[in-house]
Each structure stands twice: as structure tokens, then as C-alpha cells.
$ cat model07.pdb   # PDB, C-alpha atoms
MODEL        1
ATOM      1  CA  MET A  18     112.060  28.710 134.888  1.00  0.00           C
ATOM      2  CA  ASP A  19     111.244  25.912 137.333  1.00  0.00           C
ATOM      3  CA  CYS A  20     107.850  25.634 139.003  1.00  0.00           C
ATOM      4  CA  PRO A  21     107.977  27.083 142.545  1.00  0.00           C
ATOM      5  CA  ALA A  22     105.448  24.471 143.713  1.00  0.00           C
ATOM      6  CA  CYS A  23     106.651  21.152 142.255  1.00  0.00           C
ATOM      7  CA  LYS A  24     109.928  22.048 140.461  1.00  0.00           C
ATOM      8  CA  GLY A  25     108.381  20.843 137.181  1.00  0.00           C
ATOM      9  CA  VAL A  26     108.914  22.362 133.747  1.00  0.00           C
ATOM     10  CA  VAL A  27     107.161  25.668 133.087  1.00  0.00           C
ATOM     11  CA  VAL A  28     106.141  26.437 129.504  1.00  0.00           C
ATOM     12  CA  VAL A  29     105.257  29.847 128.081  1.00  0.00           C
ATOM     13  CA  ALA A  30     102.115  30.594 126.078  1.00  0.00           C
ATOM     14  CA  GLU A  31     101.311  34.069 124.748  1.00  0.00           C
ATOM     15  CA  TYR A  32      98.003  35.712 123.844  1.00  0.00           C
ATOM     16  CA  GLN A  33      97.677  39.426 123.027  1.00  0.00           C
ATOM     17  CA  ARG A  34     101.049  40.188 124.681  1.00  0.00           C
ATOM     18  CA  ILE A  35     100.030  38.368 127.886  1.00  0.00           C
ATOM     19  CA  GLU A  36     102.474  35.557 128.650  1.00  0.00           C
ATOM     20  CA  LEU A  37     101.300  32.651 130.747  1.00  0.00           C
ATOM     21  CA  ASP A  38     104.080  30.729 132.476  1.00  0.00           C
ATOM     22  CA  TYR A  39     102.323  27.403 133.015  1.00  0.00           C
ATOM     23  CA  CYS A  40     103.520  24.266 134.829  1.00  0.00           C
ATOM     24  CA  THR A  41     102.621  21.161 132.851  1.00  0.00           C
ATOM     25  CA  LYS A  42     102.900  18.965 135.953  1.00  0.00           C
ATOM     26  CA  CYS A  43     100.880  20.743 138.697  1.00  0.00           C
ATOM     27  CA  TYR A  44      99.077  23.274 136.429  1.00  0.00           C
ATOM     28  CA  GLY A  45     100.284  26.275 138.427  1.00  0.00           C
ATOM     29  CA  VAL A  46     100.677  29.647 136.710  1.00  0.00           C
ATOM     30  CA  TRP A  47     103.159  32.507 137.144  1.00  0.00           C
ATOM     31  CA  PHE A  48     102.230  36.062 136.158  1.00  0.00           C
ATOM     32  CA  ASP A  49     105.088  38.563 135.993  1.00  0.00           C
ATOM     33  CA  ALA A  50     104.158  41.960 137.420  1.00  0.00           C
ATOM     34  CA  GLY A  51     103.849  43.458 133.934  1.00  0.00           C
ATOM     35  CA  GLU A  52     101.673  40.603 132.691  1.00  0.00           C
ATOM     36  CA  LEU A  53      99.266  40.984 135.593  1.00  0.00           C
ATOM     37  CA  SER A  54      99.001  44.737 134.959  1.00  0.00           C
ATOM     38  CA  LEU A  55      98.422  44.107 131.250  1.00  0.00           C
ATOM     39  CA  LEU A  56      95.731  41.550 132.083  1.00  0.00           C
ATOM     40  CA  ALA A  57      94.016  44.063 134.404  1.00  0.00           C
ATOM     41  CA  GLU A  58      94.161  46.649 131.594  1.00  0.00           C
ATOM     42  CA  ARG A  59      92.711  44.212 129.042  1.00  0.00           C
ATOM     43  CA  LEU A  60      89.876  43.363 131.447  1.00  0.00           C
ATOM     44  CA  ASN A  61      89.214  47.020 132.322  1.00  0.00           C
ATOM     45  CA  LEU A  62      90.120  46.301 135.945  1.00  0.00           C
ATOM     46  CA  GLN A  63      92.601  49.113 136.611  1.00  0.00           C
ATOM     47  CA  GLY A  64      92.231  50.464 140.134  1.00  0.00           C
ATOM     48  CA  THR A  65      90.683  47.251 141.470  1.00  0.00           C
ATOM     49  CA  GLY A  66      93.730  46.052 143.396  1.00  0.00           C
ATOM     50  CA  LEU A  67      94.851  43.623 140.685  1.00  0.00           C
ATOM     51  CA  THR A  68      98.530  44.624 140.644  1.00  0.00           C
ATOM     52  CA  VAL A  69     101.440  42.789 142.210  1.00  0.00           C
ATOM     53  CA  ASN A  70     102.273  45.718 144.513  1.00  0.00           C
ATOM     54  CA  GLU A  71      98.670  46.046 145.720  1.00  0.00           C
ATOM     55  CA  ILE A  72      98.395  42.294 146.264  1.00  0.00           C
ATOM     56  CA  ALA A  73     101.780  42.232 148.049  1.00  0.00           C
ATOM     57  CA  ALA A  74     100.458  44.931 150.416  1.00  0.00           C
ATOM     58  CA  LEU A  75      97.637  42.632 151.575  1.00  0.00           C
ATOM     59  CA  PRO A  76      98.050  41.025 155.012  1.00  0.00           C
ATOM     60  CA  GLU A  77      99.888  37.719 155.033  1.00  0.00           C
ATOM     61  CA  LYS A  78      97.721  34.660 155.575  1.00  0.00           C
ATOM     62  CA  LYS A  79      99.148  32.241 158.149  1.00  0.00           C
ATOM     63  CA  VAL A  80      98.799  28.721 156.773  1.00  0.00           C
ATOM     64  CA  ALA A  81     100.569  25.392 157.227  1.00  0.00           C
ATOM     65  CA  GLU A  82     101.555  25.301 153.538  1.00  0.00           C
ATOM     66  CA  LYS A  83     105.308  25.717 153.042  1.00  0.00           C
ATOM     67  CA  ALA A  84     106.519  29.091 151.753  1.00  0.00           C
ATOM     68  CA  ARG A  85     107.505  29.050 148.090  1.00  0.00           C
ATOM     69  CA  ARG A  86     110.377  30.882 146.467  1.00  0.00           C
ATOM     70  CA  CYS A  87     109.879  33.434 143.732  1.00  0.00           C
ATOM     71  CA  PRO A  88     111.099  31.927 140.451  1.00  0.00           C
ATOM     72  CA  MET A  89     112.668  35.284 139.540  1.00  0.00           C
ATOM     73  CA  CYS A  90     114.505  36.520 142.674  1.00  0.00           C
ATOM     74  CA  ARG A  91     114.431  33.252 144.724  1.00  0.00           C
ATOM     75  CA  LYS A  92     113.170  35.096 147.857  1.00  0.00           C
ATOM     76  CA  LYS A  93     110.356  33.532 149.883  1.00  0.00           C
ATOM     77  CA  MET A  94     106.948  34.676 148.683  1.00  0.00           C
ATOM     78  CA  LYS A  95     104.105  35.844 150.892  1.00  0.00           C
ATOM     79  CA  LYS A  96     100.764  34.010 150.985  1.00  0.00           C
ATOM     80  CA  VAL A  97      97.703  36.242 150.674  1.00  0.00           C
ATOM     81  CA  THR A  98      94.058  35.751 149.793  1.00  0.00           C
ATOM     82  CA  ILE A  99      92.328  37.448 146.863  1.00  0.00           C
ATOM     83  CA  GLY A 100      88.819  37.274 145.470  1.00  0.00           C
ATOM     84  CA  SER A 101      85.698  36.348 147.354  1.00  0.00           C
ATOM     85  CA  ALA A 102      83.299  33.459 147.736  1.00  0.00           C
ATOM     86  CA  PRO A 103      85.644  31.626 148.059  1.00  0.00           C
ATOM     87  CA  GLU A 104      88.859  33.525 148.718  1.00  0.00           C
ATOM     88  CA  VAL A 105      91.848  32.211 146.769  1.00  0.00           C
ATOM     89  CA  LEU A 106      95.224  31.725 148.485  1.00  0.00           C
ATOM     90  CA  VAL A 107      98.071  32.890 146.214  1.00  0.00           C
ATOM     91  CA  ASP A 108     101.814  33.434 146.553  1.00  0.00           C
ATOM     92  CA  VAL A 109     103.118  36.929 145.803  1.00  0.00           C
ATOM     93  CA  CYS A 110     106.705  38.135 145.537  1.00  0.00           C
ATOM     94  CA  THR A 111     107.256  40.885 148.109  1.00  0.00           C
ATOM     95  CA  ARG A 112     109.823  42.487 145.778  1.00  0.00           C
ATOM     96  CA  GLY A 113     107.104  42.887 143.155  1.00  0.00           C
ATOM     97  CA  ASP A 114     108.352  40.310 140.636  1.00  0.00           C
ATOM     98  CA  GLY A 115     105.037  38.513 140.221  1.00  0.00           C
ATOM     99  CA  LEU A 116     102.294  36.253 141.468  1.00  0.00           C
ATOM    100  CA  TRP A 117     101.967  32.440 141.620  1.00  0.00           C
ATOM    101  CA  PHE A 118      98.635  30.649 141.337  1.00  0.00           C
ATOM    102  CA  ASP A 119      98.473  26.934 142.181  1.00  0.00           C
ATOM    103  CA  GLY A 120      96.586  24.699 139.766  1.00  0.00           C
ATOM    104  CA  GLY A 121      92.928  25.689 139.638  1.00  0.00           C
ATOM    105  CA  GLU A 122      93.341  29.047 141.392  1.00  0.00           C
ATOM    106  CA  VAL A 123      93.350  31.140 138.205  1.00  0.00           C
ATOM    107  CA  GLY A 124      90.161  29.340 137.237  1.00  0.00           C
ATOM    108  CA  GLN A 125      88.545  30.255 140.558  1.00  0.00           C
ATOM    109  CA  VAL A 126      89.407  33.948 140.177  1.00  0.00           C
ATOM    110  CA  LEU A 127      88.352  33.949 136.509  1.00  0.00           C
ATOM    111  CA  GLY A 128      85.083  32.296 137.465  1.00  0.00           C
ATOM    112  CA  GLN A 129      84.403  35.232 139.775  1.00  0.00           C
ATOM    113  CA  LEU A 130      85.318  37.692 136.994  1.00  0.00           C
ATOM    114  CA  LYS A 131      83.106  35.907 134.453  1.00  0.00           C
ATOM    115  CA  ASP A 132      80.169  36.390 136.799  1.00  0.00           C
ATOM    116  CA  LYS A 133      80.854  40.140 136.977  1.00  0.00           C
ATOM    117  CA  ARG A 134      82.283  40.965 133.558  1.00  0.00           C
ATOM    118  CA  ALA A 135      80.950  43.709 131.327  1.00  0.00           C
ATOM    119  CA  ALA A 136      79.692  42.878 127.855  1.00  0.00           C
ATOM    120  CA  ALA A 137      82.715  44.457 126.184  1.00  0.00           C
ATOM    121  CA  ASP A 138      83.786  42.081 123.400  1.00  0.00           C
ATOM    122  CA  LYS A 139      87.542  42.520 123.864  1.00  0.00           C
ATOM    123  CA  GLN A 140      87.281  41.877 127.591  1.00  0.00           C
ATOM    124  CA  GLY A 141      85.057  38.877 126.958  1.00  0.00           C
ATOM    125  CA  ARG A 142      87.517  37.361 124.488  1.00  0.00           C
ATOM    126  CA  VAL A 143      90.432  37.636 126.919  1.00  0.00           C
ATOM    127  CA  ILE A 144      88.448  36.137 129.808  1.00  0.00           C
ATOM    128  CA  ASP A 145      87.102  33.412 127.514  1.00  0.00           C
ATOM    129  CA  PHE A 146      90.632  32.584 126.281  1.00  0.00           C
ATOM    130  CA  LEU A 147      91.983  32.373 129.828  1.00  0.00           C
ATOM    131  CA  GLY A 148      88.887  30.434 130.839  1.00  0.00           C
ATOM    132  CA  GLU A 149      89.579  27.885 128.105  1.00  0.00           C
ATOM    133  CA  VAL A 150      93.204  27.543 129.200  1.00  0.00           C
ATOM    134  CA  PHE A 151      92.189  27.034 132.826  1.00  0.00           C
ATOM    135  CA  HIS A 152      88.999  25.044 132.163  1.00  0.00           C
ATOM    136  CA  VAL A 153      86.480  27.592 133.492  1.00  0.00           C
ATOM    137  CA  ARG A 154      82.949  27.285 132.181  1.00  0.00           C
ATOM    138  CA  GLY A 155      80.863  30.465 131.878  1.00  0.00           C
TER     139      GLY A 155
ENDMDL
END
$ encode --input "model07.pdb" --output "C-alpha cells"
Amino acid sequence: MDCPACKGVVVVAEYQRIELDYCTKCYGVWFDAGELSLLAERLNLQGTGLTVNEIAALPEKKVAEKARRCPMCRKKMKKVTIGSAPEVLVDVCTRGDGLWFDGGEVGQVLGQLKDKRAAADKQGRVIDFLGEVFHVRG
């Protein structure tokens, strides 16, 4: 798969059945729909709007940034904001294939989750692992 942002090489890393498709050039990350759902399950975040379909249903954010193509279906993705303080602009496939985070965006969302996470050890390990990958300090 080529990076939808910079066309660089995307490598795959796996942890507890969650695959991270990670661009080594711009540090962007692709989550397939199933991976995002699995991540939400691992973090006990089911029902919080952290699925591709729920994110795709959010209103499109009008920005000057060029639309990117989904690396799976090649259709133009929609730009939406998720999270809070600050909101994070992400690209989501309207067909439900997945979600693209530019470099640093996963870290911003994880930083918000780390502030709110429960003490559950399994959840903490997953967030800590992703935090290490995306250089988020807790």
C-alpha cells in the first residue's frame, strides 16, 4: 500500500491482532475498519463513536487541504474532526474501508485517551504500546 498523503512506503506492524499501517516518510497511519473496531474493543470504547461508519457519518470539515484517496478503494476520502481540545482532522473512507491519520494525529487522540483511561491493565498496555509507537508521553 502507498501512503495516501505522501505516496511513501507503508509498513505493517502488529500488536495483539491490531495492525498498524505506518508511513515511514510522513509518519501517517492507516487503520482498516476492522482494526479500528478491534482497537475500540481493546480500549473498552465500544459505543463511543470510534468506528469507521460512525466517523464517516460526521459532518465534513471544509478545509484547504487537498482530498486524499483511500488506499483500499481509491475513492476520495472525507475530512472530519474527532476528539476534543484540540479537535483532530482525519480522513475517512466514505465506503467504510478505514481511517487515515496524518503524522502526529494518532498521538493527539491517544493523548486525550490517556488522560481519560480507566486503570484496567489490558487497556493501559494497549494505550501505552500505541503511545510508544506514536511518541505520546503519559
$ atom_distance --input "model07.pdb" --atom1 "atom CA of Met18 of chain A" --atom2 "atom CA of Glu58 of chain A"
25.6 Å
$ resolve_selection --input "model07.pdb" --expression "the PyMOL selection byres ((chain A and resi 20) around 9)" --output "PyMOL selection string"
chain A and resi 18-19+21-27+39-40+42-43+45-47+88
$ closest_residue --input "model07.pdb" --among "A:Leu75, A:Gly51, A:Arg59, A:Tyr44" --to "Gly124 of chain A" --atoms "all atoms listed in the file"
A:Tyr44
$ residues_around --input "model07.pdb" --residues "Asn70 of chain A" --least-positions-apart "2" --cutoff "10 Å" --atoms "only C-alpha atoms" --output "list in words"
Ala50, Gly66, Leu67, Thr68, Ile72, Ala73, Ala74, Leu75, Val109, Cys110, Thr111, Arg112, Gly113, Asp114, Gly115 and Leu116 of chain A
$ axis_aligned_box --input "model07.pdb" --around "segment 106-124 of chain A" --padding-each-side "5 Å" --output "JSON"
{"center_x": 100.0, "center_y": 33.8, "center_z": 142.9, "size_x": 29.7, "size_y": 28.2, "size_z": 21.2}
$ closest_residue --input "model07.pdb" --among "A:Glu52, A:Glu104, A:Glu82, A:Asp38" --to "Val69 of chain A" --atoms "all atoms listed in the file"
A:Glu52
$ resolve_selection --input "model07.pdb" --expression "the PyMOL selection byres ((chain A and resi 84-86) around 9)" --output "count of residues only"
17
$ closest_residue --input "model07.pdb" --among "A:Leu37, A:Gly128, A:Val123, A:Phe48" --to "Ala102 of chain A" --atoms "all atoms listed in the file"
A:Gly128
$ atom_distance --input "model07.pdb" --atom1 "atom CA of Val29 of chain A" --atom2 "atom CA of Asp49 of chain A"
11.8 Å
$ decode --input "model07.pdb" --residues "segment 80-113 of chain A" --atoms "N, CA and C atoms" --output "CSV table (one decimal), in the first residue's frame"
chain,number,residue,atom,x,y,z
A,80,VAL,N,-11.9,22.4,4.4
A,80,VAL,CA,-10.5,22.9,4.6
A,80,VAL,C,-9.8,23.0,3.3
A,81,ALA,N,-8.8,23.7,3.3
A,81,ALA,CA,-8.0,24.0,2.0
A,81,ALA,C,-7.2,22.7,1.6
A,82,GLU,N,-6.9,21.9,2.6
A,82,GLU,CA,-6.1,20.7,2.4
A,82,GLU,C,-6.7,19.8,1.3
A,83,LYS,N,-5.9,19.3,0.3
A,83,LYS,CA,-6.4,18.5,-0.8
A,83,LYS,C,-7.0,17.2,-0.3
A,84,ALA,N,-8.0,16.8,-0.9
A,84,ALA,CA,-8.7,15.5,-0.6
A,84,ALA,C,-7.7,14.4,-0.9
A,85,ARG,N,-7.7,13.4,0.0
A,85,ARG,CA,-6.8,12.2,-0.2
A,85,ARG,C,-7.6,11.0,-0.7
A,86,ARG,N,-7.0,10.1,-1.4
A,86,ARG,CA,-7.7,8.9,-1.8
A,86,ARG,C,-7.5,7.7,-0.9
A,87,CYS,N,-8.5,7.0,-0.7
A,87,CYS,CA,-8.5,5.8,0.2
A,87,CYS,C,-7.5,4.8,-0.4
A,88,PRO,N,-6.5,4.3,0.4
A,88,PRO,CA,-5.6,3.4,-0.2
A,88,PRO,C,-6.2,2.0,-0.6
A,89,MET,N,-7.4,1.8,-0.1
A,89,MET,CA,-8.0,0.5,-0.5
A,89,MET,C,-8.9,0.6,-1.7
A,90,CYS,N,-9.9,1.6,-1.8
A,90,CYS,CA,-10.8,1.6,-2.9
A,90,CYS,C,-10.5,2.8,-3.9
A,91,ARG,N,-9.5,3.6,-3.5
A,91,ARG,CA,-9.0,4.8,-4.3
A,91,ARG,C,-10.1,5.9,-4.5
A,92,LYS,N,-11.2,5.8,-3.8
A,92,LYS,CA,-12.2,6.9,-3.8
A,92,LYS,C,-11.7,8.1,-2.9
A,93,LYS,N,-12.1,9.3,-3.1
A,93,LYS,CA,-11.7,10.4,-2.3
A,93,LYS,C,-12.3,10.2,-0.9
A,94,MET,N,-11.5,10.5,0.1
A,94,MET,CA,-11.9,10.4,1.5
A,94,MET,C,-12.5,11.7,2.0
A,95,LYS,N,-13.3,11.6,3.0
A,95,LYS,CA,-13.9,12.8,3.6
A,95,LYS,C,-13.1,13.3,4.8
A,96,LYS,N,-12.9,14.6,5.0
A,96,LYS,CA,-12.2,15.1,6.1
A,96,LYS,C,-13.2,15.4,7.2
A,97,VAL,N,-13.0,14.9,8.4
A,97,VAL,CA,-13.8,15.1,9.6
A,97,VAL,C,-12.9,15.4,10.8
A,98,THR,N,-13.5,16.0,11.8
A,98,THR,CA,-12.8,16.2,13.1
A,98,THR,C,-13.3,15.2,14.1
A,99,ILE,N,-12.3,14.7,14.9
A,99,ILE,CA,-12.6,13.8,16.1
A,99,ILE,C,-11.9,14.3,17.3
A,100,GLY,N,-12.3,13.9,18.4
A,100,GLY,CA,-11.6,14.3,19.7
A,100,GLY,C,-12.0,15.7,20.1
A,101,SER,N,-11.3,16.2,21.1
A,101,SER,CA,-11.6,17.5,21.6
A,101,SER,C,-10.4,18.1,22.3
A,102,ALA,N,-10.3,19.4,22.3
A,102,ALA,CA,-9.2,20.1,22.9
A,102,ALA,C,-7.8,19.6,22.6
A,103,PRO,N,-7.3,19.7,21.5
A,103,PRO,CA,-7.9,20.2,20.2
A,103,PRO,C,-8.6,19.1,19.4
A,104,GLU,N,-9.5,19.5,18.5
A,104,GLU,CA,-10.1,18.5,17.6
A,104,GLU,C,-8.9,18.1,16.6
A,105,VAL,N,-9.1,16.9,16.1
A,105,VAL,CA,-8.1,16.3,15.2
A,105,VAL,C,-8.7,16.1,13.8
A,106,LEU,N,-8.2,16.6,12.8
A,106,LEU,CA,-8.7,16.5,11.4
A,106,LEU,C,-8.2,15.2,10.9
A,107,VAL,N,-9.1,14.2,10.5
A,107,VAL,CA,-8.7,13.0,9.9
A,107,VAL,C,-9.4,12.7,8.6
A,108,ASP,N,-8.9,11.8,7.8
A,108,ASP,CA,-9.5,11.4,6.5
A,108,ASP,C,-10.2,10.1,6.7
A,109,VAL,N,-11.4,10.0,6.3
A,109,VAL,CA,-12.2,8.7,6.5
A,109,VAL,C,-12.8,8.3,5.2
A,110,CYS,N,-12.7,7.0,4.9
A,110,CYS,CA,-13.3,6.5,3.6
A,110,CYS,C,-14.8,6.4,3.8
A,111,THR,N,-15.5,7.0,2.9
A,111,THR,CA,-17.0,7.0,3.0
A,111,THR,C,-17.6,5.7,2.7
A,112,ARG,N,-16.8,4.8,2.1
A,112,ARG,CA,-17.3,3.4,1.8
A,112,ARG,C,-17.0,2.5,3.0
A,113,GLY,N,-16.4,3.0,4.1
A,113,GLY,CA,-16.1,2.3,5.3
A,113,GLY,C,-14.9,1.5,5.3
